[in-house]
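One structure below.
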Amino acid sequence: MNNPDFKYFISEKNEAMDSLSKGNYAEAVSHLRAAAKIDVATDRDAEALEARFFYMLRFLAADNTMPDMDKELADIEAKFRELARRIELEDIRLHGTSIYSGMLRYAAIRPEETLESLFSDYLAELDRLNTDTAVLTDTRRRSGLERIAGDIFNRIWTAFPLSNDQSRLVESMLADESIPQYDRELWTSALGLNYGTYPTDSIADVLLGVNACDNERLSTLAAVWLVLGIRGNDATGQRVTETITSRHPTDLPDILLEWCRSLARTALSRGGKGDGMERLGKLGRNFMNRMQDVDPGKYEEKLTDPEWLNSQFDSKDYEAIKNFAEAQSKGEDVFMGTLGKMRHFDFFNTLSNWFLPFHTAHSSLAPVVDGEGAALADTVSAIPVLCDSDKYAMLLSMTQIPSGMAAGSMATLSQQMMSVTNTDEFAEMRKAVENQPRRALINNEIKNIYRFFMLHKSRNEFADTLSRAPGRDTIAFIAEGNTDAAGEIADMLFAADCHADAAGIYGIIRDKLSAVQLHRYAKAAAIAGRTELAESIYRDLLSDNSSDTRAALSLTRILASEKRYTELIDAARTAADASPDNVALLRTLAEALASIGQWEEATEVYHNINYIQPDEDNEAKTDLAWALTVTGDYDSADALFGIAHDDAATLAKKAVLQWLSGRHADAIDTAADADVKDVDGNYRCGILYRKGLEAIAGSDSPHAKSLHMLYEIVRYRRYGSPFGNI
């Protein structure tokens, strides 16, 4: 079958889905029948669905009643969407170039290799290893079992639809305690990746069953994938949130918080801000560079001298260390920029390994765990702040050590790691994990998923759940009973630049917000285009604290954007009375006064600004000089321009003053200098001069009416005319 045929089938499938969304069922079924001819089995099932639909219509047309008609219709729609997905997958299988399409093609050419046969092979290999004593000292012998476990992962991840028999098989696999815990967790993630790709009730049912089990790690992992797979406030989403909350009330808020934390981390990365570990690494490199100037014989003396150590670090260094410790204690992803990016090992070329829980028996770690690094591996395994894939990355980096240095290096690292684990700080971290085990598991799993979606070489082929904000309905579900969690989630959404979502959540818990959160609420609302709401929040903040200059400035910006200058002036004056030395407020007030032509009052404010600001502040002098120019105090303005910087903007304003003073030659020279220095072209177009004309429209200067000639002369002088240059 050629490509044009497939384009026709996909077009018919799209028409079918469009008709279904509009409630045109008969038309939708007609298009689906045409599209289903892409595959014999799909065509057969589509024919059965068509017969079922029209039988229902005939039954109802004969004046029969159907008490469960809504349920029947919903079931028909679900089957309809399933068939549409199968049509789409057939096209992906034949023409796609993604990992997913490759998996579908492989399954098609190996029909004898089913989930059932793979599981049977897995059990046989597991039994063999259980009787193989050599595996205790040679973990490479596990590679066959690992390969089969990965094949099962791929088969579960790409299964569509997951049949009843397959569902029961997966449930039995995950409940079988004779199977290693890490493989059961791996297959749970396969279900989750499937659910995130295309959510179905069959996958949701299996995951909800896993969530109900007594195995805390599996239960938590299922909860994470279920929440990440929620799409809107549909019936399945409501069922998931209600069920998870009824079983483990803290899971939903913890998952949403970590989800939003990952969004914030992505926003920081876009902004070019490194994580805490990167900053500490830079601090350490700088310290080592300074150590090169120290006599090697005095290393120990210097490193044990508190005064010398204090002299090597300034307040910013200590602040960086403090911030790192605080971020780590909150569960923030402080290692993403370092260990998180170490994914160049062959281990990570296997898709399933990105979701594999850390265990020291993996064959890829054989160079470490089968030798001097066994103790090191056990220590790394116990570090609570590292997620599973980071632990693999850390140990895999050890395999790059030259063989001659490996034994000594690993022994040294083991001793150093052991000394770290014996500290009070490490014990405190372990205690925090033990007190909140499910939250620690959630933190670990979302970090793993985040790394996959951020760093996998084919990440763009996957539906990146973590790139979108959680649904507001899902967050609102927890807001009434847990306002602290809702507030923290809103803070993370704000940090992630999801301003509309943040404003929506802040609004639900407005009465519980702190002043800092109210500021975020107002800013989020303003950015989201809800300026009336933002204005009301800022006014509330000012009514509670008239000296809140931040709120006053933000309010004046809103008023200025809407050219409500009278209100702006009132607000700015009130705020300036409470904070008379706040230059930003005073400048806003002066600009507003100037905007409505009250230049005398604006000049007084500019005088205050110039008095407050240091002598080297050029902007204060330029603003005051311009105000004096407009009000006709040319001598005072000329004196200020004389000591101001000679940048393009200042020179252009000075040229206007000189022209109005009758010093036309000086004005022309100064304006020409401004034009030369104006690399961005802001003054060449004459905007500033036209602004000057507006400002001195009522000027008594006899030279005011000819000011427009200054621009013409400078332009002619620099660029000439058809008749030649001056």
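Chain identifiers are assigned as A, B, and so on, following the order in which chains appear in the structure tokens; residues are numbered from 1 within each chain, and ligands are numbered from 1 in order of appearance.
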
Inset, instruction - Do a neighbour search on Tyr565 of chain A at 12 Å with only C-alpha atoms, toss out local chain neighbours closer than 5 positions, and write the hits as a ChimeraX atom specification. - result: /A:555-560,570-573,588-598

Inset, instruction - Would you mind listing what lies within 12 Å of Ala665 of chain A as a ChimeraX atom specification, with only C-alpha atoms counted and same-chain residues fewer than 4 positions away left out? - result: /A:655-656,658-661,669-672,710,713-714

Legend entry - Test item: residues at most 9 Å from Glu242 of chain A, only C-alpha atoms, excluding those fewer than 5 positions along its chain, as a PyMOL selection string: chain A and resi 237+247+477

With all heavy atoms retained, export the selected residues as a compact mmCIF listing (two decimals), in the first residue's frame.
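Output saved as out.txt:
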# COMPACT_ATOMS: atom_id res chain seq x y z
N GLY A 237 -9.48 11.37 35.51
CA GLY A 237 -8.66 12.25 36.35
C GLY A 237 -9.25 12.39 37.74
O GLY A 237 -8.52 12.35 38.74
N ARG A 247 -6.19 7.03 49.83
CA ARG A 247 -5.24 6.03 50.32
C ARG A 247 -4.05 6.67 51.03
O ARG A 247 -3.62 6.24 52.08
CB ARG A 247 -4.74 5.17 49.16
CG ARG A 247 -5.81 4.28 48.54
CD ARG A 247 -5.32 3.64 47.25
NE ARG A 247 -6.32 2.76 46.66
CZ ARG A 247 -6.25 2.31 45.41
NH1 ARG A 247 -5.24 2.66 44.63
NH2 ARG A 247 -7.20 1.52 44.95
N PHE A 477 -8.11 20.62 43.93
CA PHE A 477 -8.64 19.48 44.70
C PHE A 477 -8.01 19.41 46.09
O PHE A 477 -8.66 19.02 47.06
CB PHE A 477 -8.39 18.19 43.92
CG PHE A 477 -8.93 16.95 44.57
CD1 PHE A 477 -10.27 16.62 44.45
CD2 PHE A 477 -8.12 16.12 45.32
CE1 PHE A 477 -10.79 15.49 45.05
CE2 PHE A 477 -8.62 14.98 45.92
CZ PHE A 477 -9.96 14.67 45.78

Got a sec: who's within 12 Å of Ser579 of chain A, counting only C-alpha atoms, leaving out chain neighbours fewer than 3 positions off, as a compact mmCIF listing (two decimals) with N, CA and C atoms, in the first residue's frame?
# COMPACT_ATOMS: atom_id res chain seq x y z
N ASN A 545 0.00 48.30 54.43
CA ASN A 545 1.33 48.83 54.71
C ASN A 545 1.64 49.94 53.72
N SER A 546 1.41 51.18 54.14
CA SER A 546 1.58 52.32 53.23
C SER A 546 3.02 52.52 52.79
N SER A 547 3.98 51.93 53.50
CA SER A 547 5.40 52.08 53.14
C SER A 547 5.89 50.94 52.24
N ASP A 548 4.96 50.15 51.72
CA ASP A 548 5.33 49.06 50.81
C ASP A 548 5.64 49.66 49.44
N THR A 549 6.89 50.10 49.28
CA THR A 549 7.27 50.78 48.03
C THR A 549 7.20 49.86 46.82
N ARG A 550 7.45 48.58 47.03
CA ARG A 550 7.38 47.64 45.92
C ARG A 550 5.96 47.58 45.35
N ALA A 552 3.73 49.96 45.70
CA ALA A 552 3.44 51.28 45.13
C ALA A 552 4.02 51.41 43.72
N LEU A 553 5.27 50.97 43.54
CA LEU A 553 5.89 51.05 42.22
C LEU A 553 5.13 50.19 41.20
N ALA A 572 1.62 57.77 43.79
CA ALA A 572 3.06 57.98 43.94
C ALA A 572 3.36 58.97 45.06
N ARG A 573 2.54 60.02 45.19
CA ARG A 573 2.76 61.01 46.26
C ARG A 573 2.55 60.37 47.63
N THR A 574 1.49 59.57 47.75
CA THR A 574 1.22 58.89 49.02
C THR A 574 2.38 57.98 49.40
N ALA A 575 2.86 57.22 48.41
CA ALA A 575 3.97 56.30 48.68
C ALA A 575 5.26 57.06 48.95
N ALA A 576 5.48 58.16 48.24
CA ALA A 576 6.70 58.95 48.44
C ALA A 576 6.71 59.60 49.82
N ASN A 582 13.02 57.16 48.37
CA ASN A 582 12.97 56.12 47.34
C ASN A 582 13.01 56.77 45.96
N VAL A 583 14.15 56.65 45.31
CA VAL A 583 14.37 57.34 44.04
C VAL A 583 13.45 56.81 42.94
N ALA A 584 13.21 55.51 42.92
CA ALA A 584 12.36 54.93 41.88
C ALA A 584 10.95 55.52 41.96
N LEU A 585 10.42 55.68 43.19
CA LEU A 585 9.10 56.28 43.35
C LEU A 585 9.09 57.75 42.93
N LEU A 586 10.12 58.47 43.35
CA LEU A 586 10.19 59.89 43.00
C LEU A 586 10.29 60.08 41.50

Proximity of segment 444-488 of chain A to segment 358-381 of chain A: per-residue shortest pair, 12 Å limit, only C-alpha atoms, as a tab-separated table:
residue	atom	partner	partner_atom	distance
A:Asn444	CA	A:Phe358	CA	10.7
A:Glu445	CA	A:Phe358	CA	11.2
A:Asn448	CA	A:Phe358	CA	10.8

Would you export the selected residues with N, CA and C atoms as a PDB file, in the first residue's frame, please?
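This went into selection-v7.pdb:
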ATOM      1  N   ASN A 444      12.648  11.350  44.313  1.00  0.00           N
ATOM      2  CA  ASN A 444      13.600  10.562  43.527  1.00  0.00           C
ATOM      3  C   ASN A 444      13.042  10.250  42.142  1.00  0.00           C
ATOM      4  N   GLU A 445      11.798   9.816  42.081  1.00  0.00           N
ATOM      5  CA  GLU A 445      11.247   9.371  40.808  1.00  0.00           C
ATOM      6  C   GLU A 445      11.037  10.534  39.841  1.00  0.00           C
ATOM      7  N   ASN A 448      14.263  11.450  38.309  1.00  0.00           N
ATOM      8  CA  ASN A 448      14.618  10.505  37.248  1.00  0.00           C
ATOM      9  C   ASN A 448      13.866  10.812  35.963  1.00  0.00           C
TER      10      ASN A 448
END

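Across the model, the gap from atom CA of Met173 of chain A to atom CA of Ile203 of chain A is 14.7 Å.
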
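Residues surrounding Ala78 of chain A within 9 Å are Leu73, Leu83 and Thr200 of chain A [only C-alpha atoms; sequence separation below 5 positions excluded].
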
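Among the candidates A:Asp581, A:Tyr711, A:Pro180, A:Asp633, the one nearest to Asn608 of chain A when counting only C-alpha atoms is A:Asp581.
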
Inset, instruction - Report the residues of segment 36-117 of chain A whose backbone DSSP state falls under helix (DSSP H, G or I), written as an MDAnalysis selection string. - result: chainID A and resid 36:38 40:61 69:95 99:109 115:117

Residues near Ser467 of chain A, cut-off 9 Å, only C-alpha atoms, skip fewer than 6 positions along chain, as a compact mmCIF listing (two decimals) with C-alpha atoms, in the first residue's frame:
# COMPACT_ATOMS: atom_id res chain seq x y z
CA SER A 262 10.89 20.60 37.92
CA LEU A 263 9.08 23.27 35.89
CA THR A 266 13.58 24.28 33.59
CA PHE A 453 12.73 14.25 29.36

Can you pull out every residue within 8 Å of Ile509 of chain A, counting only C-alpha atoms, but drop anything in the same chain fewer than 2 positions away, and send it as a short mmCIF file (atom, residue, chain, number, x, y, z; two decimals) with all heavy atoms, in the first residue's frame?
data_model
loop_
_atom_site.label_atom_id
_atom_site.label_comp_id
_atom_site.auth_asym_id
_atom_site.auth_seq_id
_atom_site.Cartn_x
_atom_site.Cartn_y
_atom_site.Cartn_z
N ALA A 479 -6.43 22.13 47.56
CA ALA A 479 -6.28 23.46 48.15
C ALA A 479 -7.09 23.66 49.42
O ALA A 479 -6.63 24.27 50.39
CB ALA A 479 -6.63 24.53 47.13
N GLU A 480 -8.32 23.15 49.43
CA GLU A 480 -9.19 23.38 50.58
C GLU A 480 -8.64 22.72 51.85
O GLU A 480 -8.71 23.28 52.93
CB GLU A 480 -10.60 22.87 50.29
CG GLU A 480 -11.33 23.69 49.24
CD GLU A 480 -12.76 23.22 49.06
OE1 GLU A 480 -13.20 22.37 49.85
OE2 GLU A 480 -13.43 23.70 48.14
N THR A 483 -3.81 24.21 52.42
CA THR A 483 -3.48 25.51 51.82
C THR A 483 -1.98 25.74 51.77
O THR A 483 -1.49 26.43 50.86
CB THR A 483 -4.15 26.65 52.60
OG1 THR A 483 -3.78 26.56 53.99
CG2 THR A 483 -5.66 26.57 52.49
N ALA A 486 -0.79 24.03 48.66
CA ALA A 486 -1.26 24.76 47.49
C ALA A 486 -0.46 26.04 47.29
O ALA A 486 -0.11 26.41 46.16
CB ALA A 486 -2.75 25.08 47.63
N GLY A 487 -0.13 26.72 48.39
CA GLY A 487 0.67 27.94 48.30
C GLY A 487 2.07 27.66 47.80
O GLY A 487 2.62 28.42 46.98
N ILE A 505 -4.23 29.55 41.26
CA ILE A 505 -4.11 28.86 42.54
C ILE A 505 -4.02 29.85 43.69
O ILE A 505 -4.65 29.66 44.73
CB ILE A 505 -2.88 27.92 42.54
CG1 ILE A 505 -2.98 26.94 41.38
CG2 ILE A 505 -2.77 27.17 43.87
CD1 ILE A 505 -4.26 26.14 41.34
N TYR A 506 -3.26 30.93 43.51
CA TYR A 506 -3.21 31.96 44.56
C TYR A 506 -4.61 32.47 44.86
O TYR A 506 -4.96 32.75 46.02
CB TYR A 506 -2.34 33.13 44.10
CG TYR A 506 -0.85 32.91 44.20
CD1 TYR A 506 0.00 33.26 43.16
CD2 TYR A 506 -0.27 32.39 45.36
CE1 TYR A 506 1.38 33.09 43.25
CE2 TYR A 506 1.11 32.21 45.46
CZ TYR A 506 1.92 32.56 44.40
OH TYR A 506 3.29 32.38 44.49
N GLY A 507 -5.43 32.62 43.82
CA GLY A 507 -6.77 33.14 44.02
C GLY A 507 -7.63 32.25 44.88
O GLY A 507 -8.48 32.73 45.64
N ASP A 511 -6.95 34.33 51.03
CA ASP A 511 -7.01 34.73 52.43
C ASP A 511 -5.86 34.17 53.26
O ASP A 511 -5.59 34.65 54.37
CB ASP A 511 -8.34 34.29 53.06
CG ASP A 511 -9.53 35.01 52.45
OD1 ASP A 511 -9.31 36.08 51.84
OD2 ASP A 511 -10.66 34.51 52.58
N LYS A 512 -5.19 33.15 52.74
CA LYS A 512 -4.11 32.51 53.49
C LYS A 512 -2.72 32.94 53.02
O LYS A 512 -1.72 32.46 53.54
CB LYS A 512 -4.23 30.98 53.36
CG LYS A 512 -5.56 30.40 53.81
CD LYS A 512 -5.76 30.55 55.31
CE LYS A 512 -7.05 29.88 55.76
NZ LYS A 512 -7.25 30.01 57.23
N LEU A 513 -2.65 33.85 52.07
CA LEU A 513 -1.36 34.22 51.48
C LEU A 513 -0.59 35.19 52.37
O LEU A 513 -1.18 36.08 53.00
CB LEU A 513 -1.57 34.85 50.10
CG LEU A 513 -2.20 33.97 49.02
CD1 LEU A 513 -2.34 34.75 47.72
CD2 LEU A 513 -1.39 32.71 48.80
#

Legend entry - Interatomic distance (Å, one decimal) between atom CA of Tyr611 of chain A and atom CA of Leu542 of chain A: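 Distance reported for this atom pair: 26.9 Å.
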
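Closest approach to Pro384 of chain A from the set A:Leu208, A:Ala440, A:Leu533, A:Ile508 is made by A:Ala440, with distances taken over only C-alpha atoms.
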